[in-house]
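Only one structure is covered here, and it is reproduced in the block below.
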Amino acid sequence: MSYFCRLIWFFAVLGTLLCSCGGRHHGDSRAEAGEPELFSVTERPQGGWTIVSVSPFDGSRDSLVVDHPLSRLIVMSTSHYGFLDAIGRTDIIVGVSGPDYIFADRLAAESSDAERTIMTDVGYDSAPDYERIVALRPEVVLTYAVSGVESPFIVRLKQLGIKVLTVNEHLERHPLARAAYIRMFGALTGNMAEADSVLSVVRTNYSAIAESISESGVTPRKVLLNIPYNDQWFVPASDNYLAVMIHDAGGEVLGCEEGKTASTVMSVEKAYSLSKEADCWLNVGWCSSEKDLLGVNPIFSDMLGRIKDNAAGMVPDGFPVVWNDNNRVNAKGGNDIWQGGVVRPDLVLRDLAGILHPTEESYNNEIYYKPII
């Protein structure tokens, strides 16, 4: 696995940590209902929309009035591409941060060179190409927050007279709340009907799967999650979006703290102890094979043996017990679960439900997940 693939996996872990920052607050009822806490979109009487993005760090608000459909956007996250792709409006993207990391089947077609030319690489927020950004004449630059401090990138864009909108979908606590950001992109592009149609399908499918699992009375599978990065093993708390999704799929994340949102760090020794209870292992970082996984740490061989023993009788003989969310990854390491999967958590949930409680219909039907062992 290349250095860049490992780096992308690290930022995926970082995103999991960031989305769980902060404690419980007045928006808990909205979070539990799968409603976004950090943005709103309101139709204006005179036409168009008002978009408000809220910082979870200090409650500050970032507002944008959209009085006509926009036609020139720069996006700094692949998830932004995913939302626009879901409503058929990637054509308005004139610049993107790291276009090589966008996962898109269409970009493998003959038209890929033309589309990549249209979507100019503007660099990363830590090393942006301001001259290129200005030359692209964006109506808005869509970026994201990682702290309560306004980044030098955003400050400089404003000094250059460029409108900026911070999109905080990665900081929402529920998978459906993240998916709801498609309405923000519907407002930006004048495609609200398409956005609402996609969101309706996502909500209906997600709820049907979660309710089916809940009503089935199945015994929750005990899930060991992640692998260490620099000897730090991150575990999401129960109110984190990933823990919520695993719960809705009929699983229980071992080591997660109940009633909290902030992720915690456990030692490899603690994970070794938890493997005595685990009967499934998910999201094993950059690993794509048993050799990769066992090469991370020698004790993983013992842990894997325990997990296989615990899973015996819970899943059909030979059914994999270790799965990773890297089934749709491009040559550069861009992972579609952080792009299309953000928009379609119902499909990710379907994968997880089929993995944790397999039926004949769920075999070899995964989209985002693939078996490792």
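Within each chain, counting starts at residue 1; across the structure tokens, chains are named A, B, ... in the order shown, with ligands numbered 1 upward in that order.
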
Per-residue DSSP, region 23-59 of chain A, filtered to helix (DSSP H, G or I), as a ChimeraX atom specification: /A:28-32

Restrict the selected residues to N, CA and C atoms and save them as a PDB file, in the first residue's frame.
```pdb
ATOM      1  N   ASP A  28     -29.494  17.478  20.531  1.00  0.00           N
ATOM      2  CA  ASP A  28     -29.519  16.022  20.633  1.00  0.00           C
ATOM      3  C   ASP A  28     -30.759  15.407  20.000  1.00  0.00           C
ATOM      4  N   SER A  29     -31.928  16.021  20.184  1.00  0.00           N
ATOM      5  CA  SER A  29     -33.151  15.455  19.622  1.00  0.00           C
ATOM      6  C   SER A  29     -33.091  15.434  18.102  1.00  0.00           C
ATOM      7  N   ARG A  30     -32.488  16.451  17.506  1.00  0.00           N
ATOM      8  CA  ARG A  30     -32.332  16.475  16.059  1.00  0.00           C
ATOM      9  C   ARG A  30     -31.346  15.413  15.611  1.00  0.00           C
ATOM     10  N   ALA A  31     -30.285  15.242  16.362  1.00  0.00           N
ATOM     11  CA  ALA A  31     -29.290  14.227  16.004  1.00  0.00           C
ATOM     12  C   ALA A  31     -29.905  12.841  16.044  1.00  0.00           C
ATOM     13  N   GLU A  32     -30.677  12.562  17.088  1.00  0.00           N
ATOM     14  CA  GLU A  32     -31.291  11.246  17.216  1.00  0.00           C
ATOM     15  C   GLU A  32     -32.288  10.976  16.105  1.00  0.00           C
TER      16      GLU A  32
END
```

Which region 284-366 of chain A residues have any atom within 12 Å of an atom of region 225-236 of chain A, and for each, what is the nearest pair of atoms with distance in Å to one decimal, counting only C-alpha atoms, rows sorted by chain and number, as JSON lines?
```
{"residue": "A:Val284", "atom": "CA", "partner": "A:Asn226", "partner_atom": "CA", "distance": 4.8}
{"residue": "A:Gly285", "atom": "CA", "partner": "A:Ile227", "partner_atom": "CA", "distance": 6.1}
{"residue": "A:Trp286", "atom": "CA", "partner": "A:Ile227", "partner_atom": "CA", "distance": 9.1}
{"residue": "A:Cys287", "atom": "CA", "partner": "A:Ile227", "partner_atom": "CA", "distance": 9.4}
{"residue": "A:Asp292", "atom": "CA", "partner": "A:Ile227", "partner_atom": "CA", "distance": 11.5}
{"residue": "A:Leu293", "atom": "CA", "partner": "A:Ile227", "partner_atom": "CA", "distance": 8.8}
{"residue": "A:Leu294", "atom": "CA", "partner": "A:Ile227", "partner_atom": "CA", "distance": 11.0}
{"residue": "A:Gly295", "atom": "CA", "partner": "A:Ile227", "partner_atom": "CA", "distance": 11.7}
{"residue": "A:Val296", "atom": "CA", "partner": "A:Ile227", "partner_atom": "CA", "distance": 8.5}
{"residue": "A:Asn297", "atom": "CA", "partner": "A:Pro228", "partner_atom": "CA", "distance": 9.4}
{"residue": "A:Phe300", "atom": "CA", "partner": "A:Ile227", "partner_atom": "CA", "distance": 9.8}
{"residue": "A:Met303", "atom": "CA", "partner": "A:Ile227", "partner_atom": "CA", "distance": 11.9}
{"residue": "A:Val321", "atom": "CA", "partner": "A:Leu225", "partner_atom": "CA", "distance": 11.9}
{"residue": "A:Val322", "atom": "CA", "partner": "A:Leu225", "partner_atom": "CA", "distance": 9.9}
{"residue": "A:Trp323", "atom": "CA", "partner": "A:Leu225", "partner_atom": "CA", "distance": 10.0}
{"residue": "A:Asn324", "atom": "CA", "partner": "A:Asn226", "partner_atom": "CA", "distance": 9.1}
{"residue": "A:Asp325", "atom": "CA", "partner": "A:Asn226", "partner_atom": "CA", "distance": 10.5}
```

Fewer than 3 positions away in the same chain doesn't count, so skip those; otherwise give me all residues within 6 Å of region 82-90 of chain A, counting only C-alpha atoms, as a PDB file with C-alpha atoms, in the first residue's frame.
```pdb
ATOM      1  CA  SER A  79     -17.715  14.591  -0.460  1.00  0.00           C
ATOM      2  CA  ILE A  93     -17.200  22.276 -10.697  1.00  0.00           C
ATOM      3  CA  ILE A 182     -27.624  17.247  -0.413  1.00  0.00           C
ATOM      4  CA  GLU A 194     -33.637  16.339  -7.382  1.00  0.00           C
ATOM      5  CA  GLN A 339     -17.700  10.497  -1.313  1.00  0.00           C
ATOM      6  CA  GLY A 340     -20.718   8.570  -2.595  1.00  0.00           C
TER       7      GLY A 340
END
```

Using only C-alpha atoms, which residue out of A:Val149, A:Ala237, A:Ala278, A:Val122 lies closest to Ser263 (chain A)? A:Ala237
